[in-house]
Structures are given as structure tokens and as C-alpha cells.
file upload-v4.txt (compact mmCIF, C-alpha atoms)
# COMPACT_ATOMS: atom_id res chain seq x y z
CA MET A 1 83.38 18.02 28.09
CA LYS A 2 85.15 20.17 30.63
CA VAL A 3 88.86 19.95 31.28
CA SER A 4 89.57 19.87 35.01
CA ALA A 5 91.36 22.71 36.76
CA ALA A 6 94.28 20.35 37.43
CA ALA A 7 94.61 19.49 33.74
CA GLU A 8 94.39 23.15 32.75
CA LEU A 9 97.13 24.08 35.24
CA ALA A 10 99.25 21.15 34.07
CA VAL A 11 99.04 22.36 30.47
CA ARG A 12 99.87 25.93 31.46
CA GLY A 13 102.86 24.84 33.54
CA ALA A 14 104.13 22.50 30.83
CA ILE A 15 103.91 25.28 28.25
CA VAL A 16 106.23 27.39 30.41
CA LEU A 17 108.72 24.49 30.40
CA ALA A 18 108.32 24.21 26.62
CA GLU A 19 109.00 27.95 26.18
CA LYS A 20 112.26 27.55 28.12
CA TYR A 21 113.18 24.15 26.69
CA GLY A 22 116.92 23.64 26.34
CA ARG A 23 117.84 26.42 28.76
CA GLY A 24 118.09 24.37 31.95
CA PRO A 25 115.69 23.73 34.80
CA ILE A 26 112.98 26.17 35.86
CA THR A 27 111.78 26.41 39.44
CA LEU A 28 108.13 26.10 40.39
CA ASP A 29 108.30 29.66 41.69
CA GLN A 30 109.35 30.86 38.22
CA ILE A 31 106.64 28.80 36.52
CA CYS A 32 103.99 30.09 38.91
CA ALA A 33 105.11 33.70 38.52
CA ARG A 34 105.13 33.48 34.73
CA ARG A 35 101.51 32.25 34.51
CA ASP A 36 100.12 33.33 37.90
CA LEU A 37 99.58 29.72 39.02
CA PRO A 38 99.01 28.48 42.59
CA LYS A 39 102.23 26.81 43.77
CA GLN A 40 100.70 24.45 46.33
CA TYR A 41 98.49 22.95 43.63
CA LEU A 42 101.24 22.86 41.01
CA VAL A 43 103.47 20.78 43.32
CA LYS A 44 100.93 17.92 43.16
CA ILE A 45 100.37 18.36 39.45
CA PHE A 46 104.07 18.26 38.64
CA ALA A 47 104.39 15.10 40.75
CA SER A 48 101.84 13.50 38.40
CA LEU A 49 103.70 14.78 35.34
CA THR A 50 106.94 13.38 36.77
CA ARG A 51 105.37 9.95 37.39
CA ALA A 52 104.12 9.97 33.79
CA GLY A 53 107.65 10.65 32.51
CA LEU A 54 106.75 14.03 31.01
CA VAL A 55 108.87 16.22 33.28
CA MET A 56 112.06 15.63 35.24
CA PRO A 57 112.76 17.16 38.62
CA ILE A 58 116.33 18.47 38.95
CA ARG A 59 117.59 18.67 42.51
CA GLY A 60 120.15 21.04 43.92
CA LYS A 61 120.92 24.73 44.07
CA ASN A 62 120.14 25.34 40.39
CA GLY A 63 117.36 22.78 40.29
CA GLY A 64 113.79 22.92 39.13
CA TYR A 65 111.92 21.11 36.39
CA MET A 66 112.61 20.30 32.76
CA LEU A 67 110.63 18.52 30.09
CA ALA A 68 111.65 14.87 29.81
CA ARG A 69 111.16 14.95 26.02
CA THR A 70 111.22 17.64 23.37
CA PRO A 71 108.08 19.82 23.26
CA SER A 72 107.19 18.32 19.88
CA ARG A 73 106.94 14.86 21.50
CA ILE A 74 104.54 15.79 24.32
CA SER A 75 100.89 16.12 23.38
CA LEU A 76 98.10 17.83 25.25
CA LEU A 77 96.56 14.38 25.60
CA ASN A 78 99.73 13.15 27.35
CA ILE A 79 99.48 15.96 29.87
CA ILE A 80 95.74 15.69 30.49
CA GLU A 81 95.84 11.93 30.93
CA ALA A 82 98.86 12.18 33.26
CA VAL A 83 96.74 14.29 35.61
CA GLU A 84 93.23 12.92 35.06
CA GLY A 85 93.75 9.36 33.83
CA PRO A 86 92.36 8.02 30.56
CA LEU A 87 90.09 10.37 28.67
CA ALA A 88 86.41 9.42 28.86
CA LEU A 89 83.66 11.74 27.66
CA ASN A 90 80.92 9.85 29.48
CA TYR A 91 80.05 6.59 31.25
CA CYS A 92 79.89 4.66 27.96
CA GLN A 93 83.47 5.55 27.12
CA GLN A 94 85.05 4.56 30.41
CA ASP A 95 87.08 1.37 30.55
CA PRO A 96 85.26 -0.78 31.52
CA PRO A 97 82.04 0.95 30.39
CA GLN A 98 79.89 2.11 33.28
CA CYS A 99 76.75 2.13 31.13
CA GLN A 100 74.58 -0.98 31.43
CA GLU A 101 72.58 -0.28 28.26
CA GLU A 102 74.40 -2.34 25.65
CA ASP A 103 72.03 -1.58 22.78
CA CYS A 104 72.00 2.17 23.40
CA PRO A 105 71.62 4.08 20.10
CA MET A 106 73.93 6.81 21.40
CA ARG A 107 76.89 4.52 22.11
CA SER A 108 78.31 4.84 18.59
CA VAL A 109 77.84 8.63 18.65
CA TRP A 110 79.70 8.91 21.94
CA ALA A 111 82.44 6.62 20.64
CA GLU A 112 82.87 8.77 17.52
CA LEU A 113 83.07 11.95 19.61
CA GLN A 114 85.49 10.28 22.01
CA HIS A 115 87.81 9.36 19.13
CA ALA A 116 87.63 12.86 17.65
CA VAL A 117 88.53 14.57 20.93
CA HIS A 118 91.25 12.01 21.66
CA ASP A 119 92.80 12.43 18.21
CA ARG A 120 92.76 16.25 18.32
CA LEU A 121 94.34 16.37 21.79
CA ALA A 122 96.94 13.82 20.68
CA ALA A 123 97.72 15.92 17.61
CA PHE A 124 98.46 19.15 19.51
CA THR A 125 101.91 19.23 21.07
CA LEU A 126 103.56 21.65 23.45
CA ALA A 127 105.65 22.86 20.51
CA ASP A 128 102.41 23.71 18.67
CA CYS A 129 101.16 25.68 21.68
CA VAL A 130 104.39 27.66 21.94
CA SER A 131 104.38 28.30 18.20
CA ARG A 132 100.82 29.63 18.36
CA GLN A 133 101.72 31.90 21.25
CA LEU A 134 104.65 33.32 19.32
CA SER A 135 102.60 33.91 16.18
CA GLN A 136 99.80 35.60 18.16
CA ALA A 137 102.31 37.82 19.93
CA ALA A 138 103.84 38.81 16.59
CA GLU A 139 100.48 39.80 15.08
CA PRO A 140 99.88 43.54 15.05
CA GLY A 141 97.18 44.27 17.52

call {"tool": "encode", "arguments": {"input": "upload-v4.txt", "output": "C-alpha cells"}}
result
Amino acid sequence: MKVSAAAELAVRGAIVLAEKYGRGPITLDQICARRDLPKQYLVKIFASLTRAGLVMPIRGKNGGYMLARTPSRISLLNIIEAVEGPLALNYCQQDPPQCQEEDCPMRSVWAELQHAVHDRLAAFTLADCVSRQLSQAAEPG
């Protein structure tokens, strides 16, 4: 499985919002500068995150973006699915399934892998990502 570039950028941008959570809106320029992200692409990505109810655009002079929920209530799965749609490892796991082979011996294997990936991504929140960053930065290196 490969996470798309859009999903990767969405996660990176959302982590910046999580780092600054509770301190007011952050502009796209600030987000892009902090993680060296392409602004023209991030505009589209943040529109998807807004439609999914994960971020809120704040208009005006001191505007920008803020998380719509606390970082502990936004999972990596939420972000990835906001940008890419429902997670599907292969044709069998799409809804409806795109595989015509109903008695395929691999179907149960793919389903098990699908559930494992889904559950792990749902378990990791933006708060977890920020916490890991902080602990890695604090480690002597």
C-alpha cells in the first residue's frame, strides 16, 4: 500500500495545526514554510479537509486554518480518507468490490490486512504524532 502524495501532505499540514492547536489560526503560508509544502497543492487539500469537518477556515486579517476538533480526536485515517476517500488496499476491498472472483482464496487475507491497516490508522491521532515528534526531539542525538 502506498499513501498518495495528497494524503501525505494532508497529514503533514494537519500536524502543523495540531502543534499550534489552541493558539489561533495559522495561514497556509506559515504551514507551508514550517514543513516546506507546496502551497498551490495544499489549498486543494485543505479544501478537502474543510469539507470533511477536520479543519476550519478563519477569514479576515488574522485568518488562516484551525483544527475543527482537538488533535486527540482526529485520526490519521480521518485525514487520509478525507483526501482519498474510503481506504481500500485492493480491488477486493473496494465498496462495491471490483473483483469478480467470489471464491478467491485471497479474499479473506486481503480483508484481514485491510482491517489491520484501517485499525492502526484509526488508532493514531494527530496528538500522538505531535507527542512522538516532541519525544524524538528531546532524545539526545

call {"tool": "residues_around", "arguments": {"input": "upload-v4.txt", "residues": "Ala116 (chain A)", "least_positions_apart": "6", "cutoff": "12 Å", "atoms": "only C-alpha atoms", "output": "PyMOL selection string"}}
result
chain A and resi 87-89+109-110+122-123

call {"tool": "closest_residue", "arguments": {"input": "upload-v4.txt", "among": "A:Leu9, A:Ile31, A:Ala18, A:Ile26", "to": "Asp128 (chain A)", "atoms": "only C-alpha atoms"}}
result
A:Ala18

call {"tool": "closest_residue", "arguments": {"input": "upload-v4.txt", "among": "A:Ala47, A:Cys129, A:Ala68, A:Ala7", "to": "Tyr21 (chain A)", "atoms": "all atoms listed in the file"}}
result
A:Ala68

call {"tool": "residues_around", "arguments": {"input": "upload-v4.txt", "residues": "Arg23 (chain A)", "least_positions_apart": "2", "cutoff": "12 Å", "atoms": "only C-alpha atoms", "output": "list in words"}}
result
Val16, Leu17, Ala18, Glu19, Lys20, Tyr21, Pro25, Ile26, Asn62, Gly64, Tyr65, Met66 and Leu67 of chain A

call {"tool": "closest_residue", "arguments": {"input": "upload-v4.txt", "among": "A:Arg69, A:His115, A:Arg107, A:Arg35", "to": "Met56 (chain A)", "atoms": "all atoms listed in the file"}}
result
A:Arg69
